file model12.cif (mmCIF, C-alpha atoms)
data_upload
#
loop_
_atom_site.label_atom_id
_atom_site.label_comp_id
_atom_site.auth_asym_id
_atom_site.auth_seq_id
_atom_site.Cartn_x
_atom_site.Cartn_y
_atom_site.Cartn_z
CA MET A 14 66.88 123.83 -33.76
CA THR A 15 70.69 123.78 -33.86
CA PHE A 16 72.81 121.59 -36.10
CA VAL A 17 76.44 120.83 -35.35
CA PHE A 18 78.81 119.69 -38.07
CA ALA A 19 82.24 118.28 -37.25
CA VAL A 20 84.98 118.49 -39.83
CA THR A 21 88.51 117.21 -39.95
CA ALA A 22 91.50 118.94 -41.39
CA CYS A 23 95.24 118.75 -41.23
CA GLY A 24 97.43 120.12 -38.48
CA SER A 25 100.72 119.60 -36.76
CA ASP A 26 101.45 117.43 -33.78
CA SER A 27 103.67 118.55 -30.93
CA GLU A 28 106.77 117.36 -32.78
CA GLY A 29 106.09 119.68 -35.72
CA THR A 30 105.13 116.94 -38.15
CA ALA A 31 101.89 117.19 -40.05
CA SER A 32 99.10 114.99 -38.82
CA PRO A 33 95.32 114.82 -39.12
CA SER A 34 93.51 116.77 -36.45
CA ALA A 35 89.97 117.74 -35.74
CA ALA A 36 88.90 121.25 -36.59
CA PRO A 37 86.50 122.93 -34.19
CA ALA A 38 82.86 122.06 -34.75
CA SER A 39 80.77 124.83 -36.22
CA SER A 40 77.09 125.34 -35.72
CA SER A 41 74.29 127.18 -37.38
CA SER A 42 70.67 127.58 -36.57
CA SER A 43 67.71 127.42 -38.87
CA GLY A 44 67.05 131.07 -38.05
CA SER A 45 70.38 132.21 -39.50
CA SER A 46 70.90 133.73 -42.91
CA GLY A 47 71.14 130.23 -44.36
CA GLU A 48 74.68 130.75 -45.63
CA SER A 49 76.21 127.34 -46.26
CA ALA A 50 79.85 126.35 -46.21
CA SER A 51 79.83 126.51 -50.00
CA ALA A 52 78.57 130.07 -49.94
CA ALA A 53 81.20 130.96 -47.36
CA ALA A 54 83.87 129.45 -49.59
CA SER A 55 82.79 131.62 -52.50
CA SER A 56 83.65 134.68 -50.40
CA SER A 57 87.32 133.90 -50.95
CA PRO A 58 89.31 136.90 -52.15
CA ASN A 59 90.54 134.82 -55.13
CA PRO A 60 87.88 132.21 -55.95
CA ASP A 61 88.67 132.13 -59.67
CA GLN A 62 92.18 133.54 -59.75
CA SER A 63 94.21 132.36 -62.71
CA SER A 64 97.50 130.61 -62.18
CA SER A 65 99.01 133.27 -64.50
CA ASP A 66 98.32 136.00 -61.88
CA GLY A 67 100.57 136.58 -58.89
CA THR A 68 104.18 136.04 -57.88
CA PRO A 69 105.89 133.16 -59.72
CA ILE A 70 107.37 130.41 -57.56
CA ARG A 71 109.34 127.24 -58.13
CA VAL A 72 108.80 124.06 -56.09
CA THR A 73 111.65 121.55 -56.31
CA ILE A 74 111.08 117.93 -55.24
CA GLY A 75 114.20 115.88 -55.88
CA GLY A 76 114.98 116.41 -59.56
CA THR A 77 111.46 117.62 -60.41
CA VAL A 78 110.69 121.32 -60.69
CA LEU A 79 107.09 122.57 -60.62
CA THR A 80 106.00 126.15 -61.21
CA GLY A 81 103.14 128.09 -59.78
CA ARG A 82 102.02 131.44 -58.48
CA LEU A 83 101.30 132.91 -55.07
CA TRP A 84 98.38 135.33 -55.14
CA ASP A 85 98.15 138.84 -53.76
CA ASN A 86 96.74 138.27 -50.27
CA ALA A 87 98.21 138.75 -46.78
CA THR A 88 99.05 135.08 -46.25
CA ALA A 89 100.76 134.64 -49.63
CA ARG A 90 102.69 137.91 -49.25
CA ASP A 91 103.92 136.76 -45.84
CA LEU A 92 105.10 133.44 -47.30
CA ILE A 93 106.87 135.24 -50.16
CA GLU A 94 108.83 137.29 -47.60
CA LYS A 95 110.00 134.04 -45.93
CA LEU A 96 111.15 132.29 -49.13
CA PRO A 97 113.12 130.20 -49.81
CA VAL A 98 111.89 127.50 -47.45
CA THR A 99 112.30 123.73 -47.38
CA VAL A 100 109.34 121.79 -45.99
CA GLU A 101 108.84 118.09 -45.18
CA PHE A 102 105.43 116.89 -46.41
CA SER A 103 103.03 114.08 -45.51
CA ASP A 104 99.99 112.81 -47.38
CA HIS A 105 96.46 113.17 -46.06
CA GLN A 106 93.63 111.03 -47.42
CA ASN A 107 95.14 110.89 -50.94
CA MET A 108 93.99 114.48 -51.53
CA GLU A 109 96.64 116.79 -50.12
CA LYS A 110 100.25 117.00 -49.03
CA THR A 111 100.91 119.08 -45.91
CA GLY A 112 104.05 120.30 -44.23
CA ALA A 113 104.69 122.48 -41.19
CA LEU A 114 106.25 125.84 -41.96
CA PRO A 115 108.95 127.12 -39.60
CA GLU A 116 106.81 130.20 -38.75
CA GLU A 117 103.10 130.99 -38.79
CA LEU A 118 101.84 133.22 -41.60
CA SER A 119 99.59 136.26 -41.38
CA THR A 120 95.88 135.60 -41.91
CA GLU A 121 94.81 139.26 -41.79
CA GLY A 122 91.82 139.93 -44.02
CA MET A 123 91.47 136.27 -45.01
CA PRO A 124 88.21 134.29 -44.84
CA GLU A 125 87.52 131.83 -41.99
CA GLY A 126 87.84 128.91 -44.39
CA GLU A 127 87.74 127.93 -48.03
CA ASP A 128 87.07 125.08 -50.46
CA PRO A 129 90.38 124.52 -52.26
CA ARG A 130 90.55 123.01 -55.71
CA PRO A 131 93.06 120.52 -57.06
CA ARG A 132 96.28 122.41 -58.03
CA ASP A 133 95.71 125.02 -55.29
CA ILE A 134 98.43 125.99 -52.86
CA GLY A 135 97.03 126.61 -49.41
CA TYR A 136 97.81 127.41 -45.84
CA TYR A 137 96.13 125.55 -42.98
CA ALA A 138 96.20 128.27 -40.33
CA PRO A 139 95.44 126.18 -37.20
CA GLY A 140 98.45 123.94 -37.86
CA GLY A 141 100.75 126.42 -39.60
CA ASP A 142 100.96 124.06 -42.60
CA LEU A 143 101.71 124.70 -46.24
CA VAL A 144 99.34 122.54 -48.30
CA PHE A 145 99.48 121.28 -51.90
CA TYR A 146 96.02 120.10 -53.00
CA TYR A 147 95.70 117.40 -55.66
CA GLY A 148 92.21 116.17 -54.74
CA ASP A 149 88.91 117.70 -53.66
CA VAL A 150 88.96 118.11 -49.86
CA GLY A 151 85.87 120.31 -49.62
CA TYR A 152 85.33 123.34 -47.40
CA HIS A 153 87.06 123.51 -44.01
CA ASP A 154 87.53 126.33 -41.53
CA GLY A 155 91.20 127.28 -41.34
CA ILE A 156 92.03 126.53 -45.00
CA LEU A 157 93.28 129.57 -46.89
CA ARG A 158 93.92 129.50 -50.64
CA ILE A 159 97.15 131.36 -51.41
CA GLY A 160 98.17 130.26 -54.90
CA GLN A 161 98.03 127.68 -57.63
CA PHE A 162 100.34 125.35 -59.54
CA ASP A 163 100.67 125.84 -63.31
CA GLY A 164 100.52 122.18 -64.38
CA ASP A 165 99.30 118.77 -63.32
CA MET A 166 99.88 117.45 -59.83
CA ASP A 167 101.19 113.94 -60.59
CA ALA A 168 104.67 114.74 -59.27
CA ILE A 169 103.15 115.75 -55.93
CA ALA A 170 100.43 113.10 -55.76
CA ASP A 171 102.99 110.34 -56.36
CA GLN A 172 105.25 111.37 -53.46
CA GLU A 173 105.52 109.16 -50.37
CA ASP A 174 105.25 110.57 -46.83
CA GLY A 175 108.36 112.36 -45.65
CA PHE A 176 109.39 113.95 -48.95
CA THR A 177 110.89 117.42 -48.90
CA ALA A 178 110.16 120.29 -51.23
CA ARG A 179 112.01 123.55 -51.61
CA VAL A 180 109.75 126.52 -52.33
CA GLU A 181 111.44 129.61 -53.72
CA PRO A 182 110.74 132.61 -55.92
CA ALA A 183 111.10 131.86 -59.62
CA ASP A 184 113.72 133.92 -61.43
#

call {"tool": "encode", "arguments": {"input": "model12.cif", "output": "structure tokens"}}
result
Amino acid sequence: MTFVFAVTACGSDSEGTASPSAAPASSSSSGSSGESASAAASSSPNPDQSSSDGTPIRVTIGGTVLTGRLWDNATARDLIEKLPVTVEFSDHQNMEKTGALPEELSTEGMPEGEDPRPRDIGYYAPGGDLVFYYGDVGYHDGILRIGQFDGDMDAIADQEDGFTARVEPAD
């Protein structure tokens, strides 16, 4: 017997703006190893990484400055090389803010998908989007966790669609 699960995630439309899009359906059979999406998410290279580890960054939204860290993985290292970058963000389901990056990032050695936590910084590979998570979106293929904010996410959660954020290394 085969089960098919459809999931949705965030992507970019043809104009480069972030928009909801359907992720490819995945399937598993009852004869497989029984690994669930949750188990797959725990294979993340940094499932419990502290926000005190990694490369410090600063995210500026208007007059608000947030701090965080990008972890030591291929996708985060690639983003660090491209900083500073200014990204226009949109809200998705009151759980995440996404914005298309000017260039795709490396996903070498990264898992197929992950289950990000609130305060995580992520990359949605199929859409080339930088993602700031402030709610629980659950596991999705294509989500890669690349860092974490140091404090609460109110300044991000409260932003309306179309806000811009500048992401740069912290001095």

call {"tool": "residues_around", "arguments": {"input": "model12.cif", "residues": "A:Ile70", "least_positions_apart": "6", "cutoff": "8 Å", "atoms": "all atoms listed in the file", "output": "list in words"}}
result
Thr80, Gly81, Arg82, Leu83, Val180, Glu181, Pro182 and Ala183 of chain A

call {"tool": "residues_around", "arguments": {"input": "model12.cif", "residues": "A:Thr88", "least_positions_apart": "3", "cutoff": "7 Å", "atoms": "all atoms listed in the file", "output": "ChimeraX atom specification"}}
result
/A:91-92,118-120,159

call {"tool": "resolve_selection", "arguments": {"input": "model12.cif", "expression": "the PyMOL selection byres ((chain A and resi 135) around 10)", "output": "PDB file with C-alpha atoms, keeping the file's coordinate frame"}}
result
ATOM      1  CA  LEU A  83     101.300 132.910 -55.070  1.00  0.00           C
ATOM      2  CA  THR A  88      99.050 135.080 -46.250  1.00  0.00           C
ATOM      3  CA  ALA A  89     100.760 134.640 -49.630  1.00  0.00           C
ATOM      4  CA  GLU A 109      96.640 116.790 -50.120  1.00  0.00           C
ATOM      5  CA  THR A 111     100.910 119.080 -45.910  1.00  0.00           C
ATOM      6  CA  GLU A 127      87.740 127.930 -48.030  1.00  0.00           C
ATOM      7  CA  PRO A 129      90.380 124.520 -52.260  1.00  0.00           C
ATOM      8  CA  ARG A 130      90.550 123.010 -55.710  1.00  0.00           C
ATOM      9  CA  ARG A 132      96.280 122.410 -58.030  1.00  0.00           C
ATOM     10  CA  ASP A 133      95.710 125.020 -55.290  1.00  0.00           C
ATOM     11  CA  ILE A 134      98.430 125.990 -52.860  1.00  0.00           C
ATOM     12  CA  TYR A 136      97.810 127.410 -45.840  1.00  0.00           C
ATOM     13  CA  TYR A 137      96.130 125.550 -42.980  1.00  0.00           C
ATOM     14  CA  ALA A 138      96.200 128.270 -40.330  1.00  0.00           C
ATOM     15  CA  ASP A 142     100.960 124.060 -42.600  1.00  0.00           C
ATOM     16  CA  LEU A 143     101.710 124.700 -46.240  1.00  0.00           C
ATOM     17  CA  VAL A 144      99.340 122.540 -48.300  1.00  0.00           C
ATOM     18  CA  PHE A 145      99.480 121.280 -51.900  1.00  0.00           C
ATOM     19  CA  TYR A 146      96.020 120.100 -53.000  1.00  0.00           C
ATOM     20  CA  GLY A 155      91.200 127.280 -41.340  1.00  0.00           C
ATOM     21  CA  ILE A 156      92.030 126.530 -45.000  1.00  0.00           C
ATOM     22  CA  LEU A 157      93.280 129.570 -46.890  1.00  0.00           C
ATOM     23  CA  ARG A 158      93.920 129.500 -50.640  1.00  0.00           C
ATOM     24  CA  ILE A 159      97.150 131.360 -51.410  1.00  0.00           C
ATOM     25  CA  GLY A 160      98.170 130.260 -54.900  1.00  0.00           C
ATOM     26  CA  GLN A 161      98.030 127.680 -57.630  1.00  0.00           C
TER      27      GLN A 161
END

call {"tool": "resolve_selection", "arguments": {"input": "model12.cif", "expression": "the PyMOL selection byres ((chain A and resi 67) around 8)", "output": "ChimeraX atom specification"}}
result
/A:64-66,68-69,82-85,160

call {"tool": "resolve_selection", "arguments": {"input": "model12.cif", "expression": "the PyMOL selection byres ((chain A and resi 72) around 6)", "output": "list in words"}}
result
Arg71, Thr73, Val78, Leu79, Arg179 and Val180 of chain A

call {"tool": "atom_distance", "arguments": {"input": "model12.cif", "atom1": "atom CA of A:Val150", "atom2": "atom CA of A:Asp104"}}
result
12.5 Å

call {"tool": "closest_residue", "arguments": {"input": "model12.cif", "among": "A:Ala87, A:Lys95, A:Tyr152, A:Ile169", "to": "A:Glu121", "atoms": "only C-alpha atoms"}}
result
A:Ala87

call {"tool": "closest_residue", "arguments": {"input": "model12.cif", "among": "A:Glu101, A:Tyr147, A:Glu116, A:Pro139", "to": "A:Asp171", "atoms": "only C-alpha atoms"}}
result
A:Tyr147
